[in-house]
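So this one's entry.txt, compact mmCIF, C-alpha atoms:
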# COMPACT_ATOMS: atom_id res chain seq x y z
CA MET S 1 -15.48 -12.85 -6.95
CA GLU S 2 -12.20 -10.94 -6.89
CA MET S 3 -9.41 -12.56 -8.92
CA TRP S 4 -5.68 -11.84 -8.87
CA ASP S 5 -3.03 -12.57 -11.49
CA ILE S 6 -0.26 -15.01 -10.58
CA TYR S 7 3.25 -13.76 -11.36
CA ASP S 8 6.55 -15.58 -11.70
CA SER S 9 9.76 -14.70 -9.84
CA ASN S 10 10.61 -12.14 -12.55
CA LYS S 11 7.32 -10.32 -11.91
CA GLN S 12 5.83 -11.50 -15.18
CA ARG S 13 2.21 -12.64 -15.41
CA THR S 14 1.95 -16.39 -15.82
CA GLY S 15 -1.47 -16.31 -17.49
CA ARG S 16 -3.03 -17.98 -14.44
CA THR S 17 -5.17 -16.37 -11.76
CA MET S 18 -6.14 -17.06 -8.18
CA LYS S 19 -9.11 -16.18 -6.01
CA ARG S 20 -8.57 -13.35 -3.55
CA ASN S 21 -6.93 -14.60 -0.34
CA ASP S 22 -6.87 -18.21 -1.59
CA TRP S 23 -3.30 -18.76 -0.44
CA CYS S 24 -2.39 -21.37 -3.03
CA LEU S 25 0.84 -19.94 -4.40
CA LYS S 26 3.73 -22.33 -4.87
CA GLU S 27 7.40 -21.47 -4.49
CA GLY S 28 8.33 -18.96 -7.20
CA GLU S 29 4.73 -17.72 -7.61
CA TYR S 30 3.53 -14.32 -6.46
CA HIS S 31 0.60 -11.95 -6.56
CA LEU S 32 0.92 -8.16 -6.89
CA THR S 33 0.00 -5.55 -4.33
CA VAL S 34 0.42 -1.79 -4.41
CA LEU S 35 0.95 0.95 -1.84
CA GLY S 36 0.23 4.63 -2.45
CA VAL S 37 1.99 7.19 -0.27
CA VAL S 38 0.16 10.52 -0.53
CA MET S 39 2.20 13.59 0.40
CA ARG S 40 1.02 17.18 0.55
CA PRO S 41 3.27 19.98 -0.76
CA ASP S 42 3.88 20.99 2.89
CA GLY S 43 5.66 17.66 3.46
CA LYS S 44 2.89 15.99 5.51
CA PHE S 45 1.79 12.47 4.62
CA LEU S 46 -1.71 11.02 4.72
CA ILE S 47 -1.74 7.90 6.89
CA THR S 48 -4.77 5.89 7.93
CA ARG S 49 -5.52 3.76 10.98
CA ARG S 50 -6.78 0.24 10.30
CA VAL S 51 -10.19 -0.64 11.73
CA LEU S 52 -10.09 -2.72 14.90
CA THR S 53 -12.08 -5.51 13.22
CA LYS S 54 -9.17 -6.35 10.89
CA ALA S 55 -7.85 -9.86 11.52
CA TRP S 56 -4.28 -8.72 10.94
CA ALA S 57 -2.69 -5.60 12.52
CA PRO S 58 -5.92 -4.00 13.81
CA GLY S 59 -5.47 -0.39 14.85
CA TRP S 60 -2.07 -0.03 13.16
CA TRP S 61 -1.21 2.92 10.93
CA GLU S 62 -0.57 2.49 7.20
CA VAL S 63 -0.72 4.04 3.76
CA SER S 64 -3.41 3.13 1.22
CA GLY S 65 -2.96 -0.02 -0.78
CA GLY S 66 -4.15 -3.46 -1.72
CA ALA S 67 -4.01 -6.14 -4.35
CA ALA S 68 -3.99 -5.54 -8.07
CA LEU S 69 -6.97 -7.22 -9.72
CA ALA S 70 -6.50 -9.72 -12.54
CA GLY S 71 -5.65 -7.82 -15.72
CA GLU S 72 -5.11 -4.54 -13.86
CA GLU S 73 -1.89 -2.61 -14.29
CA SER S 74 -0.01 -1.61 -11.16
CA LYS S 75 -0.55 2.16 -11.55
CA ASP S 76 -4.27 1.69 -12.18
CA ALA S 77 -4.47 -0.48 -9.05
CA VAL S 78 -2.79 2.11 -6.81
CA ILE S 79 -4.97 4.93 -8.15
CA ARG S 80 -8.06 2.78 -7.50
CA GLU S 81 -6.96 1.78 -3.99
CA VAL S 82 -6.14 5.35 -2.91
CA LYS S 83 -9.50 6.57 -4.29
CA GLU S 84 -11.47 3.74 -2.62
CA GLU S 85 -9.78 4.10 0.76
CA THR S 86 -9.41 7.90 1.02
CA GLY S 87 -11.64 9.48 -1.62
CA LEU S 88 -8.60 11.24 -3.12
CA ASP S 89 -7.90 11.14 -6.85
CA VAL S 90 -4.15 10.87 -7.50
CA SER S 91 -4.45 10.04 -11.21
CA ASP S 92 -3.04 13.40 -12.38
CA CYS S 93 -0.65 14.04 -9.50
CA LYS S 94 3.06 14.71 -9.58
CA GLY S 95 5.02 11.63 -8.57
CA GLY S 96 4.46 7.99 -9.33
CA TYR S 97 6.27 4.67 -9.10
CA LEU S 98 9.24 4.53 -6.70
CA PHE S 99 10.29 0.90 -6.20
CA THR S 100 9.19 -2.70 -5.75
CA TYR S 101 9.91 -5.03 -2.89
CA GLN S 102 9.21 -8.72 -2.61
CA ARG S 103 7.84 -10.74 0.31
CA GLU S 104 8.11 -14.50 0.60
CA ASN S 105 6.11 -16.47 3.14
CA PRO S 106 7.33 -20.08 2.74
CA GLY S 107 4.65 -22.66 3.37
CA GLU S 108 1.86 -20.08 3.57
CA GLY S 109 1.13 -19.75 -0.16
CA ASP S 110 1.19 -15.95 0.17
CA ASN S 111 4.17 -14.57 -1.73
CA TYR S 112 3.84 -11.13 -3.24
CA PHE S 113 5.46 -8.17 -4.93
CA VAL S 114 4.67 -4.69 -3.64
CA ASP S 115 4.88 -1.74 -6.03
CA VAL S 116 5.31 1.44 -3.99
CA TYR S 117 4.19 4.82 -5.35
CA ARG S 118 4.31 8.34 -4.00
CA PHE S 119 2.03 11.12 -5.17
CA VAL S 120 2.09 14.81 -4.27
CA LEU S 121 -1.40 16.22 -3.87
CA ASP S 122 -2.56 19.53 -2.39
CA PHE S 123 -5.66 18.61 -0.37
CA ASP S 124 -7.50 19.59 2.79
CA GLU S 125 -8.53 17.25 5.59
CA SER S 126 -12.14 17.82 4.52
CA ASP S 127 -11.31 16.21 1.14
CA VAL S 128 -10.53 12.86 2.79
CA GLN S 129 -13.47 10.45 2.69
CA LEU S 130 -12.43 7.23 4.43
CA GLN S 131 -13.73 3.80 3.47
CA GLN S 132 -15.36 2.79 6.75
CA GLU S 133 -14.59 -0.94 6.33
CA GLU S 134 -10.88 -0.19 6.01
CA ALA S 135 -10.00 2.86 8.09
CA ALA S 136 -10.97 4.06 11.56
CA GLY S 137 -9.28 7.44 11.16
CA PHE S 138 -6.47 9.33 9.51
CA MET S 139 -3.65 11.71 10.31
CA LEU S 140 -1.53 14.16 8.37
CA ALA S 141 1.85 13.18 9.75
CA ASP S 142 5.36 14.45 9.24
CA ARG S 143 8.35 12.15 8.83
CA GLU S 144 9.18 12.18 12.55
CA GLN S 145 5.62 11.25 13.57
CA ILE S 146 5.70 8.31 11.15
CA LYS S 147 9.11 7.20 12.47
CA GLU S 148 7.75 7.35 16.01
CA LEU S 149 4.76 5.14 15.10
CA ALA S 150 7.24 2.72 13.53
CA ARG S 151 9.37 2.76 16.70
CA GLN S 152 6.22 1.86 18.64
CA GLY S 153 5.74 -1.06 16.25
CA ILE S 154 2.36 0.13 14.96
CA PHE S 155 3.13 1.31 11.40
CA LEU S 156 2.54 -1.40 8.81
CA HIS S 157 5.42 -2.26 6.44
CA TYR S 158 7.53 0.70 7.65
CA ASP S 159 10.90 -1.03 7.27
CA SER S 160 10.03 -2.02 3.70
CA ILE S 161 8.70 1.38 2.62
CA LYS S 162 10.55 3.95 4.75
CA GLN S 163 12.46 5.28 1.75
CA ALA S 164 9.11 6.40 0.29
CA PHE S 165 8.97 8.99 3.09
CA SER S 166 12.54 10.21 2.58
CA GLU S 167 13.41 13.63 1.22
CA GLU S 168 15.78 12.00 -1.27
CA MET S 169 12.74 10.70 -3.17
CA GLU S 170 11.53 14.25 -3.85

Take the structure I supplied and represent it as structure tokens, if you would.
Amino acid sequence: MEMWDIYDSNKQRTGRTMKRNDWCLKEGEYHLTVLGVVMRPDGKFLITRRVLTKAWAPGWWEVSGGAALAGEESKDAVIREVKEETGLDVSDCKGGYLFTYQRENPGEGDNYFVDVYRFVLDFDESDVQLQQEEAAGFMLADREQIKELARQGIFLHYDSIKQAFSEEME
């Protein structure tokens, strides 16, 4: 059974854990998720399309990510998630942590912090090995293509992470 650490409002572990997707968090309690933006040296970004069987946002585009497991550090979680979902190893890549944002869902018990990372990796499309349960396809997209998907309302978390695609972060 997958367990997640519970954090306080200062993003400090409380010493308590919760079961995955057991939305029991009280006000001021959070779990930690991570997102890994993978950029090639040519400025294209790896984005994946969510499988249509997902309960939430099926068919939308996104970057790799997920929840940090209990006891797992943020960077280890993002490296694991990118590897699981795309087959790419970003552990020795240029780049790293960019910023954290916080999401509160009052009354739902699902409050979380999101640590956003960006890694620069020289890879070919043939290197991408998608996790079939998570992704129905992928694209190497430039900034304008990603903005267009966001304008169409089919790019997950774009407003919260758009600065991760900006040239200023390079």

Spatial neighbours of S:Asp92, max dist 12 Å, all atoms listed in the file, sep filter under 3 positions, as a list in words
Lys75, Asp76, Ile79, Leu88, Asp89, Gly95, Gly96, Phe119, Val120, Leu121 and Asp122 of chain S

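Near (4.9, -5.6, 0.6), the residues that fall inside 9 Å on the basis of only C-alpha atoms are S:Leu32, S:Thr33, S:Val34, S:Leu35, S:Thr100, S:Tyr101, S:Gln102, S:Arg103, S:Tyr112, S:Phe113, S:Val114, S:Asp115, S:Val116, S:His157, S:Ser160, S:Ile161.
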
Atom CA of S:Thr53 to atom CA of S:Gln132: how many Å, to one decimal?
11.0 Å

Need the neighbours of (-10.9, -10.1, -1.6): which residues are at most 8 Å away, counting only C-alpha atoms, as a list in words?
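Residues lying no farther than 8 Å from the given point: Met1, Glu2, Met3, Lys19, Arg20 and Asn21 of chain S.
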
Neighbours of S:Gly15 within 10 Å (only C-alpha atoms; same-chain residues fewer than 2 positions away dropped), as a ChimeraX atom specification?
/S:5-8,12-13,17,70-71

For stretch 24-28 of chain S, work out the shell of residues within 7 Å, counting all atoms listed in the file and skipping chain neighbours fewer than 4 positions away, then give it as an NGL selection string.
:S and (8-9 or 109-111)

Residue nearest S:Leu52 among S:Glu134, S:Glu167, S:Asp142, S:Glu104 (counting all atoms listed in the file)
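Comparing S:Glu134, S:Glu167, S:Asp142, S:Glu104 against S:Leu52, the winner is S:Glu134.
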
State, in Å with one decimal place, the distance from atom CA of S:Glu85 to atom CA of S:Gly66.
9.7 Å

Determine, counting all atoms listed in the file, which protein, DNA and RNA residues have an atom within 9 Å of an atom of S:Ala141; residues of the same chain fewer than 5 positions away are not included. Present the result as a PyMOL selection string.
chain S and resi 43-47+146

Restricting the calculation to all atoms listed in the file: of S:Ala57, S:Gln129, S:Glu62, S:Val78, which residue gets closest to S:Lys162?
S:Glu62

What does the structure give for the distance between atom CA of S:Phe155 and atom CA of S:Ala77, in Å to one decimal?
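One can read the atom CA of S:Phe155 to atom CA of S:Ala77 distance as 21.9 Å.
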
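Distances from S:Thr14, S:Gln152, S:Thr86, S:Ser74 to S:Phe138 were compared using all atoms listed in the file, and the smallest one belongs to S:Thr86.
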
For S:Val90, which residue out of S:Arg16, S:Arg118, S:Arg151, S:Lys54 is the nearest one, using all atoms listed in the file?
S:Arg118

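Among S:Glu133, S:Glu148, S:Glu108, S:Glu81, the residue with the shortest atom-to-atom distance to S:Val38, counting all atoms listed in the file, is S:Glu81.
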
Residues within 6 Å of S:Arg49, only C-alpha atoms, excluding chain neighbours under 4 positions, as a PyMOL selection string:
chain S and resi 59-61+135-138

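Of the listed residues S:Glu84, S:Glu72, S:Glu144, S:Asp22, the one whose atoms come nearest to S:Gly36 is S:Glu84, with distances taken using all atoms listed in the file.
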